[in-house]
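What's in run_22.txt: compact mmCIF, C-alpha atoms
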# COMPACT_ATOMS: atom_id res chain seq x y z
CA MET P 1 0.00 0.00 0.00
CA THR P 2 2.08 2.90 -1.27
CA ALA P 3 1.28 6.45 -2.26
CA GLN P 4 3.10 9.63 -3.28
CA LEU P 5 3.42 12.88 -1.37
CA ALA P 6 1.65 15.34 -3.68
CA HIS P 7 1.63 18.55 -1.62
CA ILE P 8 3.20 20.01 1.53
CA PHE P 9 1.55 23.05 3.11
CA ARG P 10 2.45 25.11 6.16
CA HIS P 11 0.51 27.87 7.90
CA PRO P 12 2.92 30.22 9.70
CA ILE P 13 0.21 32.11 11.60
CA LYS P 14 -2.72 30.04 12.82
CA SER P 15 -5.70 30.51 10.45
CA ILE P 16 -3.95 33.34 8.61
CA GLY P 17 -2.34 32.26 5.35
CA LEU P 18 -0.88 29.09 3.92
CA GLU P 19 2.18 28.38 1.82
CA GLU P 20 3.00 25.36 -0.32
CA ILE P 21 6.63 24.25 0.05
CA ALA P 22 8.80 21.73 -1.77
CA GLY P 23 10.18 19.96 1.28
CA ALA P 24 11.14 20.16 4.93
CA SER P 25 13.38 18.66 7.59
CA LEU P 26 11.45 17.15 10.49
CA ALA P 27 12.67 16.69 14.05
CA MET P 28 11.79 13.78 16.31
CA GLY P 29 8.40 14.45 17.88
CA GLY P 30 8.15 17.76 16.05
CA ALA P 31 5.83 19.36 13.56
CA LEU P 32 6.33 20.88 10.12
CA PRO P 33 8.74 23.81 10.67
CA PHE P 34 6.92 27.16 10.94
CA ASP P 35 3.50 25.53 10.85
CA ARG P 36 1.18 27.36 13.31
CA GLU P 37 4.32 28.95 14.75
CA TRP P 38 2.36 32.10 15.65
CA ALA P 39 -1.25 32.89 16.47
CA VAL P 40 -3.32 35.97 17.26
CA LEU P 41 -5.07 36.18 20.63
CA THR P 42 -8.45 37.87 21.06
CA GLU P 43 -9.85 39.90 23.93
CA ILE P 44 -11.62 36.83 25.37
CA SER P 45 -8.56 34.58 25.23
CA LYS P 46 -7.64 32.67 28.38
CA ILE P 47 -4.10 32.21 27.07
CA GLY P 48 -1.51 34.67 28.33
CA ARG P 49 1.60 36.14 26.72
CA THR P 50 5.06 36.17 28.26
CA GLU P 51 7.45 39.12 28.05
CA GLU P 52 9.28 37.21 25.32
CA GLY P 53 6.07 36.98 23.27
CA LEU P 54 5.38 33.29 23.84
CA ALA P 55 1.96 31.88 24.54
CA THR P 56 1.82 30.82 28.18
CA ALA P 57 0.30 27.47 27.17
CA TRP P 58 -1.25 25.58 24.31
CA GLY P 59 -4.92 26.47 24.00
CA LYS P 60 -8.07 25.51 22.14
CA LYS P 61 -8.97 27.40 18.98
CA VAL P 62 -11.57 29.55 20.77
CA ASN P 63 -8.64 31.55 22.21
CA PHE P 64 -7.43 32.71 18.80
CA VAL P 65 -8.34 34.48 15.60
CA ILE P 66 -9.68 31.63 13.45
CA GLY P 67 -11.34 31.08 10.09
CA ARG P 68 -14.52 29.72 11.65
CA SER P 69 -15.21 33.22 13.01
CA ALA P 70 -13.95 35.16 9.97
CA PRO P 71 -14.53 33.46 6.59
CA ALA P 72 -12.41 36.10 4.82
CA LEU P 73 -9.31 34.70 6.52
CA MET P 74 -9.61 31.55 4.42
CA GLN P 75 -8.52 33.61 1.40
CA VAL P 76 -5.18 34.67 2.88
CA THR P 77 -2.01 33.17 1.39
CA ALA P 78 1.53 33.41 2.76
CA ARG P 79 5.05 33.32 1.35
CA GLU P 80 8.39 33.39 3.14
CA THR P 81 10.41 36.17 1.51
CA ALA P 82 13.51 35.93 3.73
CA PRO P 83 14.38 34.06 6.91
CA GLY P 84 11.86 35.22 9.50
CA ARG P 85 9.90 37.42 7.06
CA TRP P 86 6.56 36.58 5.47
CA ARG P 87 4.33 38.22 2.89
CA PHE P 88 0.58 37.84 3.40
CA GLU P 89 -1.88 38.49 0.59
CA HIS P 90 -5.66 38.80 0.37
CA PRO P 91 -7.72 39.88 -2.64
CA ASP P 92 -9.45 42.71 -0.75
CA VAL P 93 -6.57 44.37 1.11
CA ALA P 94 -3.02 45.46 0.30
CA PRO P 95 -0.28 42.86 0.85
CA LEU P 96 1.51 42.84 4.17
CA GLU P 97 5.15 41.84 4.63
CA ILE P 98 6.28 41.39 8.22
CA ALA P 99 8.60 39.59 10.60
CA PRO P 100 6.05 38.08 13.01
CA ALA P 101 8.61 38.02 15.83
CA ALA P 102 9.02 41.84 15.72
CA ALA P 103 6.75 43.82 18.06
CA GLU P 104 6.17 46.65 15.56
CA ASP P 105 5.19 44.14 12.87
CA GLN P 106 2.82 42.37 15.22
CA ALA P 107 0.95 45.65 15.63
CA ARG P 108 0.85 46.02 11.84
CA LEU P 109 -0.58 42.52 11.50
CA ILE P 110 -3.41 43.26 13.92
CA GLU P 111 -4.27 46.43 12.00
CA TRP P 112 -4.15 44.52 8.71
CA LEU P 113 -6.63 42.00 10.08
CA ARG P 114 -9.26 44.54 11.12
CA PRO P 115 -11.13 44.77 7.77
CA LEU P 116 -11.10 40.96 7.52
CA TRP P 117 -12.35 40.35 11.06
CA PRO P 118 -16.05 40.74 11.97
CA ALA P 119 -16.78 43.82 14.05
CA GLU P 120 -19.05 41.81 16.35
CA ALA P 121 -16.38 39.18 17.10
CA PRO P 122 -13.92 39.49 20.01
CA ALA P 123 -11.19 41.84 18.79
CA PRO P 124 -7.64 40.69 18.02
CA THR P 125 -5.27 41.88 20.74
CA ALA P 126 -1.81 40.31 20.52
CA VAL P 127 0.43 37.99 18.53
CA VAL P 128 2.02 35.05 20.34
CA ARG P 129 4.62 32.50 19.35
CA ALA P 130 4.21 28.77 19.95
CA PRO P 131 5.32 27.66 23.46
CA GLY P 132 7.44 24.70 22.37
CA GLN P 133 4.78 23.06 20.22
CA PRO P 134 2.72 24.41 17.30
CA LEU P 135 -0.50 26.25 18.09
CA CYS P 136 -2.53 23.69 16.18
CA ASP P 137 -5.89 22.28 17.25
CA GLU P 138 -4.36 19.24 19.00
CA PRO P 139 -2.45 19.43 22.32
CA TYR P 140 0.60 17.69 20.85
CA ALA P 141 3.01 18.35 17.99
CA CYS P 142 1.68 16.74 14.82
CA LEU P 143 1.17 16.99 11.09
CA SER P 144 -2.10 16.36 9.27
CA LEU P 145 -2.49 14.23 6.16
CA ILE P 146 -5.37 13.74 3.73
CA GLY P 147 -5.61 11.23 0.89
CA ALA P 148 -6.39 13.00 -2.39
CA ALA P 149 -8.85 10.21 -3.26
CA SER P 150 -10.84 10.99 -0.10
CA LEU P 151 -11.34 14.57 -1.26
CA ALA P 152 -12.17 13.39 -4.79
CA ASP P 153 -14.82 11.04 -3.38
CA LEU P 154 -16.30 13.88 -1.32
CA GLU P 155 -16.38 16.10 -4.40
CA ALA P 156 -18.09 13.43 -6.50
CA ARG P 157 -20.71 12.67 -3.87
CA SER P 158 -21.42 16.28 -2.93
CA GLY P 159 -21.37 17.56 -6.54
CA MET P 160 -18.95 20.35 -5.56
CA THR P 161 -15.37 21.27 -6.40
CA LEU P 162 -13.51 21.61 -3.10
CA SER P 163 -10.04 23.14 -2.94
CA THR P 164 -7.33 21.45 -0.90
CA ARG P 165 -6.84 24.86 0.75
CA ARG P 166 -10.24 24.52 2.41
CA PHE P 167 -8.96 21.78 4.74
CA ARG P 168 -5.54 23.23 5.72
CA ALA P 169 -3.80 19.86 5.84
CA ASN P 170 0.00 19.72 5.89
CA LEU P 171 0.38 16.69 3.62
CA TRP P 172 -1.63 15.32 0.68
CA ALA P 173 -1.17 11.72 -0.46
CA GLU P 174 -1.98 10.43 -3.93
CA GLY P 175 -2.41 6.74 -4.74
CA TRP P 176 -4.59 5.36 -1.94
CA ALA P 177 -8.27 4.41 -2.15
CA PRO P 178 -10.76 6.89 -0.66
CA PHE P 179 -10.44 7.10 3.13
CA ALA P 180 -7.73 4.44 3.20
CA GLU P 181 -5.84 6.68 5.64
CA PHE P 182 -8.47 5.91 8.30
CA GLU P 183 -7.39 2.26 8.19
CA LEU P 184 -3.84 3.28 9.12
CA ILE P 185 -4.55 4.47 12.68
CA GLY P 186 -1.83 2.97 14.87
CA ARG P 187 0.37 2.10 11.87
CA ARG P 188 3.70 3.64 10.88
CA LEU P 189 4.56 5.41 7.64
CA ARG P 190 7.82 6.31 5.96
CA ILE P 191 7.92 9.45 3.82
CA GLY P 192 11.32 10.35 2.43
CA THR P 193 13.73 9.59 5.26
CA ALA P 194 11.26 10.44 8.06
CA GLU P 195 8.90 8.03 9.83
CA PHE P 196 5.53 8.71 11.41
CA GLU P 197 2.83 7.12 13.53
CA VAL P 198 -0.76 7.64 12.41
CA LYS P 199 -2.52 8.78 15.59
CA GLU P 200 -6.18 9.65 14.97
CA ARG P 201 -8.71 11.08 12.57
CA VAL P 202 -9.05 14.81 11.99
CA GLY P 203 -12.47 16.08 13.03
CA ARG P 204 -13.62 19.00 10.89
CA CYS P 205 -14.97 22.42 11.93
CA ARG P 206 -17.09 25.14 10.35
CA ALA P 207 -14.07 26.84 8.75
CA THR P 208 -14.35 24.20 6.00
CA ASP P 209 -17.72 25.66 5.01
CA VAL P 210 -15.78 28.50 3.35
CA ASN P 211 -14.59 28.59 -0.25
CA PRO P 212 -10.98 29.88 -0.05
CA GLU P 213 -11.30 31.44 -3.50
CA THR P 214 -14.35 33.59 -2.66
CA GLY P 215 -14.36 33.83 1.13
CA ALA P 216 -18.04 32.80 1.14
CA ARG P 217 -19.67 29.90 2.96
CA ASP P 218 -20.97 27.67 0.17
CA ILE P 219 -21.51 24.34 1.93
CA ASP P 220 -22.45 23.01 5.36
CA MET P 221 -19.43 20.73 5.54
CA LEU P 222 -20.26 18.95 8.79
CA LYS P 223 -23.81 18.19 7.65
CA THR P 224 -22.50 17.02 4.28
CA LEU P 225 -19.87 14.71 5.77
CA GLU P 226 -22.35 13.31 8.28
CA GLY P 227 -24.96 12.72 5.61
CA LEU P 228 -22.58 11.06 3.16
CA TYR P 229 -20.33 9.08 5.52
CA GLY P 230 -21.88 9.05 8.97
CA HIS P 231 -19.05 11.09 10.52
CA THR P 232 -17.46 14.54 10.26
CA ASP P 233 -13.82 13.51 9.76
CA LEU P 234 -11.40 14.07 6.89
CA GLY P 235 -7.72 13.23 7.20
CA VAL P 236 -5.49 11.91 9.99
CA PHE P 237 -2.92 13.29 12.40
CA LEU P 238 0.68 12.02 12.35
CA THR P 239 3.51 12.28 14.85
CA VAL P 240 7.17 12.10 13.84
CA THR P 241 8.78 8.93 15.22
CA GLU P 242 12.04 9.14 13.25
CA PRO P 243 13.53 12.48 12.12
CA GLY P 244 14.26 13.01 8.47
CA VAL P 245 13.60 14.99 5.32
CA ILE P 246 10.41 14.92 3.26
CA ALA P 247 9.91 16.34 -0.23
CA ARG P 248 7.10 16.68 -2.70
CA GLY P 249 7.02 13.54 -4.86
CA ASP P 250 8.37 11.24 -2.12
CA ARG P 251 7.01 7.73 -1.84
CA ILE P 252 4.72 7.10 1.16
CA GLU P 253 5.26 3.59 2.45
CA VAL P 254 3.19 1.82 5.09
CA LEU P 255 5.58 -0.02 7.41
Now that the file is in, can you turn its structure into structure tokens?
Amino acid sequence: MTAQLAHIFRHPIKSIGLEEIAGASLAMGGALPFDREWAVLTEISKIGRTEEGLATAWGKKVNFVIGRSAPALMQVTARETAPGRWRFEHPDVAPLEIAPAAAEDQARLIEWLRPLWPAEAPAPTAVVRAPGQPLCDEPYACLSLIGAASLADLEARSGMTLSTRRFRANLWAEGWAPFAEFELIGRRLRIGTAEFEVKERVGRCRATDVNPETGARDIDMLKTLEGLYGHTDLGVFLTVTEPGVIARGDRIEVL
């Protein structure tokens, strides 16, 4: 049961922009470098910020600026322009190039977000860096993977074209049968020179209702998944069990 690594995506600021990359070096027990490395707190967040700009703890998504609350954020793309610097683009606002670690650029990011963030939602207040693990939705360092055939099956059954960007997975695998990745829970994979354990399914949220091309909600994704498959999952989480390098086009081998 082999497949090929078709895409690698990272999301430097949680829910704000994604970038496709050609490859990455993975550390033991780590995540994709610079994936969910930063996040933006809101005025109702229960997560604090240290003097060094770190989040005081991992926290659930309700503590942060997220696409579920602001559909327009699903249209943001990101690109690393130099070490530590990123360019963020959205069709309705001017591009923003910042170093997220710099205090003055953090203030610029919050201002840039204001026209994309609903006025009635808790306001963005501060940018924080990950406290030793990515600020993803799971309380452990992981990568997410979706089989391309699973998305193709969902498209065929729902009668809709659904961009890979909608699901914000790190890795996309081509060559498996639809939802074959669910059968791999507890198994190990080798991609490039790195090895992984498949931990659990990825449960989906309302952010996936949004078309990342238009910024509009055009499907009730949870209702659709439940109606078609009897669950609301798409993709699996992986943890790195052996460090190594992965690259687009690598073989994915089930060990």
**Report entry** Protein and nucleic acid residues near (2.3, 23.0, 20.4) (cut-off 10 Å, all atoms listed in the file) as a VMD selection string
**Finding:** chain P and resid 30 to 31 35 to 37 55 57 to 59 129 to 142
Query - Long-range neighbours of Trp172 of chain P as a ChimeraX atom specification, 8 Å cut-off, all atoms listed in the file, 4 positions minimum in chain - result: /P:5-8,145-148
Query raised in the report: Please, what distance in Å, to one decimal, runs between atom CA of Ala70 of chain P and atom CA of Asp92 of chain P?
Result: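 Those two atoms sit 13.9 Å apart.
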Report summary line: Pairwise distance, atom CA of Ile219 of chain P with atom CA of Arg206 of chain P, equals 9.5 Å
Requested in this report: Give the answer as one residue: which of P:Arg68, P:Arg188, P:Arg168, P:Lys60 has the shortest atom-to-atom distance to Cys205 of chain P, using all atoms listed in the file?
Outcome: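 Under the stated criterion, the closest residue is P:Arg68.
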